[in-house]
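Peer 1: Let me begin by handing over the structure; questions about it come next.
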Amino acid sequence: MKTYNMSFIKTNGLTILLVFISVIFIFSLTLIFSLFENIQGLSNQDKIEYINQALTTIAIIIGGLALIINAYYTSRLSLDENQSLLMQILAGTLAWDNDIVTGINYKQPTPQEIVPERFSKAIEQLGNEKIETRFAAIYALERIAKDSPKDHWTIMEILAAFIRENAPVNQKYEDELQVSSKLPTDIQTAITVIGRRDSHKDPVNQKLDLRNTDLSNADLTEANLSKAIFVGANLQWVNFTQANLSEADLSITNLCGSVFYEANLSKATLPEANLQGVILRKANLSKAIFYDANLEGAILCDANLVGAILCDANLEGAILCDANLFEANFEGSNLQDANLIGSNLQNAKLAGANLEGVLLSTANLQDANLQETNLFRANLSGCENLELQQIEQAFGDRTTILPENLNIPQHWR
């Protein structure tokens with residue numbers, strides 16, 4: 001940016017002023033002498049007096065002009081200096097001299113000095129009655145968590161506590177489908193901030209505590225809630241699309257109607273959870289635990305349930321077509337009228353399971369354990385790698401449809 005040399009401007013201004021005054025003075029002298037030489041009838045003494053008066057008058061006029069011109073240049077220089085100073089400050093080319101500007105020795109506070117004040121103010125605002133103030137507090141805490149790694153986990157725990165305190169499970173409606181109930185916006189904001197945190201800053205072996213909270217109808221798309229504790233929470237109609245819930249504890253949770261499309265629930269624990277009508281299409285449920293869980297009518301198409309444990313779970317009417325159920329454990333589970341067309345049940349454990357009316361067409365049952373399995377009305381046509389010895393360990397009758405290469409066992413007749 002262009003800067004101005006004030007001394008140069010001032011010097012040039014004075015030079016111009018002197019030249020201007022000199023020209024006027026010489027011109028005035030020349031004019032006076034020529035006039036008085038031509039005046040007749042005056043003595044030399046009178047001419048000298050008149051000349052002195054004329055010179056005095058001219059001197060007064062020139063002095064006045066000099067003062068006016070000097071005042072103009074002085075004000076102009078002052079204005080130019082102020083403008084130059086302002087432009088340089090705005091351009092960042094001139095550092096602030098705090099001793100001159102403020103008259104005191106001001107020291108810029110460090111981030112370490114600012115954070116405690118910001119932190120205290122945000123915590124105070126978090127309990128404000130106005131929702132817009134609480135919004136500001138939540139976002140302020142998120143900003144602090146990003147700026148100050150040592151405060152990251154403390155802030156996440158504070159936000160989790162805020163949710164537990166302000167959105168507890170309502171026992172009266174715990175088992176009802178809350179389709180129309182909208183999650184309070186400040187609670188949604190808090191869980192969103194938690195879900196998009198930088199999990200690399202999380203301390204080892206620390207877990208988010210969101211147990212017994214009511215997050216029904218929340219939008220948790222792509223949220224990172226790995227290892228979070230949701231025991232006893234109400235999570236009905238929550239959108240968990242592409243969310244990370246690996247190793248999360250969802251024991252005894254209500255997940256009716258929730259969407260887990262392409263979500264990661266690897267090694268998640270869901271014993272006694274209510275998953276009626278949930279959408280788990282293309283979800284990763286490898287090694288997940290579903291003891292006594294209710295998956296009635298759940299949609300698990302193309303889901304990955306490798307090594308998953310679904311003992312004594314209710315999967316009546318569930319859709320598991322093309323799902324990967326390799327080494328999954330369904331012992332004692334209810335799969336009545338479920339759709340397992342094209343699924344991979346290789347090495348699956350189905351002992352004592354109820355597969356009445358189940359659709360297993362084109363499914364891979366290689367080395368699957370069917371001991372004491374109920375296959376009444378089941379359709380196993382086109383099943384791959386199914387051996388006679390496997391179905392001989394199961395229960396069935398003439399309503400059971402077997403592959404063309406297998407005959408009905410004698411004890412079924």
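We label chains A, B, ... in the order they appear in the structure tokens, count residues from 1 in each chain, and number ligands from 1 in the order shown.
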With only C-alpha atoms counted and 12 Å as the cut-off, give the residues of stretch 225-247 of chain A in contact with stretch 179-193 of chain A, each with its shortest interatomic distance in Å and the pair that gives it, as JSON lines.
Peer 2:
{"residue": "A:Leu225", "atom": "CA", "partner": "A:Ile191", "partner_atom": "CA", "distance": 9.6}
{"residue": "A:Ala228", "atom": "CA", "partner": "A:Ile191", "partner_atom": "CA", "distance": 11.8}
{"residue": "A:Asn234", "atom": "CA", "partner": "A:Leu183", "partner_atom": "CA", "distance": 11.4}
{"residue": "A:Leu235", "atom": "CA", "partner": "A:Leu183", "partner_atom": "CA", "distance": 10.7}
{"residue": "A:Gln236", "atom": "CA", "partner": "A:Val179", "partner_atom": "CA", "distance": 7.9}
{"residue": "A:Trp237", "atom": "CA", "partner": "A:Val179", "partner_atom": "CA", "distance": 6.8}
{"residue": "A:Val238", "atom": "CA", "partner": "A:Leu183", "partner_atom": "CA", "distance": 9.9}
{"residue": "A:Asn239", "atom": "CA", "partner": "A:Gln188", "partner_atom": "CA", "distance": 12.0}
{"residue": "A:Phe240", "atom": "CA", "partner": "A:Thr192", "partner_atom": "CA", "distance": 11.8}
{"residue": "A:Ala243", "atom": "CA", "partner": "A:Thr192", "partner_atom": "CA", "distance": 11.6}
Peer 1: What lies within 8 Å of A:Asp292 using only C-alpha atoms, ignoring chain neighbours under 6 positions off, as an mmCIF file with C-alpha atoms, in the first residue's frame?
Peer 2:
data_model
loop_
_atom_site.group_PDB
_atom_site.id
_atom_site.type_symbol
_atom_site.label_atom_id
_atom_site.label_comp_id
_atom_site.auth_asym_id
_atom_site.auth_seq_id
_atom_site.Cartn_x
_atom_site.Cartn_y
_atom_site.Cartn_z
ATOM 1 C CA PRO A 271 -29.766 -57.164 24.880
ATOM 2 C CA GLU A 272 -33.504 -56.770 25.529
ATOM 3 C CA ALA A 273 -33.611 -53.812 23.152
ATOM 4 C CA LEU A 310 -29.188 -63.290 18.440
ATOM 5 C CA CYS A 311 -29.966 -65.988 21.004
ATOM 6 C CA ASP A 312 -33.621 -66.003 22.094
ATOM 7 C CA ALA A 313 -34.269 -62.915 19.963
ATOM 8 C CA ASN A 314 -37.617 -62.298 18.291
#
Peer 1: Pick the closest to A:Glu262 from A:Pro116, A:Asn304, A:Leu295, A:Phe230: which is it, counting only C-alpha atoms?
Peer 2: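 Closest candidate: A:Asn304.
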Peer 1: Would you mind reading off the distance between atom CA of A:Ala378 and atom CA of A:Gly307, one decimal, in Å?
Peer 2: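 That distance, rounded to one decimal, is 23.8 Å.
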Peer 1: I'd like the contact shell of stretch 287-291 of chain A - 12 Å cut-off, only C-alpha atoms, skipping same-chain residues fewer than 2 positions apart - returned as a VMD selection string.
Peer 2: chain A and resid 245 to 253 264 to 275 283 to 285 293 to 295 303 to 315 324 to 334
Peer 1: Emit the selected residues as a JSON list (two decimals), in the first residue's frame, including C-alpha atoms.
Peer 2:
[["chain", "number", "residue", "atom", "x", "y", "z"],
["A", 245, "LEU", "CA", -22.34, -46.85, 17.08],
["A", 246, "SER", "CA", -19.59, -49.43, 17.22],
["A", 247, "GLU", "CA", -19.24, -50.94, 20.70],
["A", 248, "ALA", "CA", -22.08, -48.75, 21.94],
["A", 249, "ASP", "CA", -24.19, -50.04, 24.82],
["A", 250, "LEU", "CA", -27.85, -50.01, 23.74],
["A", 251, "SER", "CA", -29.14, -52.41, 26.38],
["A", 252, "ILE", "CA", -32.86, -52.16, 27.15],
["A", 253, "THR", "CA", -33.27, -49.25, 24.72],
["A", 264, "ASN", "CA", -21.90, -49.17, 12.04],
["A", 265, "LEU", "CA", -23.03, -51.22, 15.06],
["A", 266, "SER", "CA", -20.07, -53.57, 15.09],
["A", 267, "LYS", "CA", -19.70, -55.15, 18.55],
["A", 268, "ALA", "CA", -22.61, -53.10, 19.85],
["A", 269, "THR", "CA", -24.61, -54.61, 22.71],
["A", 270, "LEU", "CA", -28.42, -54.58, 22.41],
["A", 271, "PRO", "CA", -29.77, -57.16, 24.88],
["A", 272, "GLU", "CA", -33.50, -56.77, 25.53],
["A", 273, "ALA", "CA", -33.61, -53.81, 23.15],
["A", 274, "ASN", "CA", -36.84, -53.07, 21.29],
["A", 275, "LEU", "CA", -36.05, -52.87, 17.56],
["A", 283, "ALA", "CA", -25.82, -51.97, 8.44],
["A", 284, "ASN", "CA", -22.67, -53.45, 9.96],
["A", 285, "LEU", "CA", -23.80, -55.64, 12.86],
["A", 293, "ALA", "CA", -33.93, -58.38, 21.62],
["A", 294, "ASN", "CA", -37.19, -57.73, 19.77],
["A", 295, "LEU", "CA", -36.53, -57.41, 16.02],
["A", 303, "ALA", "CA", -26.81, -56.38, 6.51],
["A", 304, "ASN", "CA", -23.58, -57.78, 7.89],
["A", 305, "LEU", "CA", -24.29, -60.00, 10.90],
["A", 306, "VAL", "CA", -21.13, -62.08, 10.78],
["A", 307, "GLY", "CA", -20.63, -63.62, 14.21],
["A", 308, "ALA", "CA", -23.62, -61.74, 15.64],
["A", 309, "ILE", "CA", -25.38, -63.22, 18.67],
["A", 310, "LEU", "CA", -29.19, -63.29, 18.44],
["A", 311, "CYS", "CA", -29.97, -65.99, 21.00],
["A", 312, "ASP", "CA", -33.62, -66.00, 22.09],
["A", 313, "ALA", "CA", -34.27, -62.91, 19.96],
["A", 314, "ASN", "CA", -37.62, -62.30, 18.29],
["A", 315, "LEU", "CA", -37.21, -61.89, 14.52],
["A", 324, "ASN", "CA", -24.47, -62.15, 5.67],
["A", 325, "LEU", "CA", -25.23, -64.40, 8.66],
["A", 326, "PHE", "CA", -21.96, -66.34, 8.61],
["A", 327, "GLU", "CA", -21.46, -67.99, 12.02],
["A", 328, "ALA", "CA", -24.34, -65.98, 13.46],
["A", 329, "ASN", "CA", -25.95, -67.49, 16.56],
["A", 330, "PHE", "CA", -29.77, -67.81, 16.40],
["A", 331, "GLU", "CA", -30.14, -70.49, 19.07],
["A", 332, "GLY", "CA", -33.60, -70.38, 20.61],
["A", 333, "SER", "CA", -34.63, -67.39, 18.48],
["A", 334, "ASN", "CA", -37.99, -66.88, 16.77]]
Peer 1: Kindly give the distance, in Å, that separates atom CA of A:Gly297 and atom CA of A:Leu255, rounded to a single decimal.
Peer 2: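 Going from atom CA of A:Gly297 over to atom CA of A:Leu255, I get 12.7 Å.
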Peer 1: State, in Å with one decimal place, the distance from atom CA of A:Glu296 to atom CA of A:Ile279.
Peer 2: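 Between atom CA of A:Glu296 and atom CA of A:Ile279 the gap is 11.2 Å.
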Peer 1: List every residue of stretch 346-405 of chain A that DSSP, applied to the backbone, labels as strand (DSSP E or B), and write the result as a list in words.
Peer 2: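 Answer for stretch 346-405 of chain A restricted to strand (DSSP E or B) is Lys349, Asn354, Leu359, Asn364, Asn369, Asn374, Asn379, Glu384, Phe395 and Ile401 of chain A.
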Peer 1: Applying 10 Å and only C-alpha atoms, which residues near A:Asp151 remain after dropping the ones on its own chain fewer than 6 positions away? List them as a ChimeraX atom specification.
Peer 2: /A:115-116,119,141,144-145,201
Peer 1: If you keep C-alpha atoms, can you produce a file of those selected residues as a CSV table (one decimal), in the first residue's frame?
Peer 2:
chain,number,residue,atom,x,y,z
A,115,VAL,CA,-10.4,-19.8,27.6
A,116,PRO,CA,-11.3,-19.9,31.3
A,119,PHE,CA,-15.7,-21.4,29.5
A,141,LEU,CA,-18.5,-24.7,24.2
A,144,ILE,CA,-13.6,-24.0,23.1
A,145,ALA,CA,-13.4,-27.8,22.7
A,201,LYS,CA,-9.2,-36.2,21.4
Peer 1: Using only C-alpha atoms, find the one residue out of A:Trp153, A:Phe376, A:Tyr139, A:Tyr261 that sits nearest to A:Pro203.
Peer 2: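 The answer is A:Trp153, which sits nearest to A:Pro203.
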Peer 1: Considering only C-alpha atoms, return as a ChimeraX atom specification whatever protein or nucleic-acid residues lie within 8 Å of A:Glu142, sequence-local ones (same chain, fewer than 4 positions apart) excluded.
Peer 2: /A:138,146,155,193
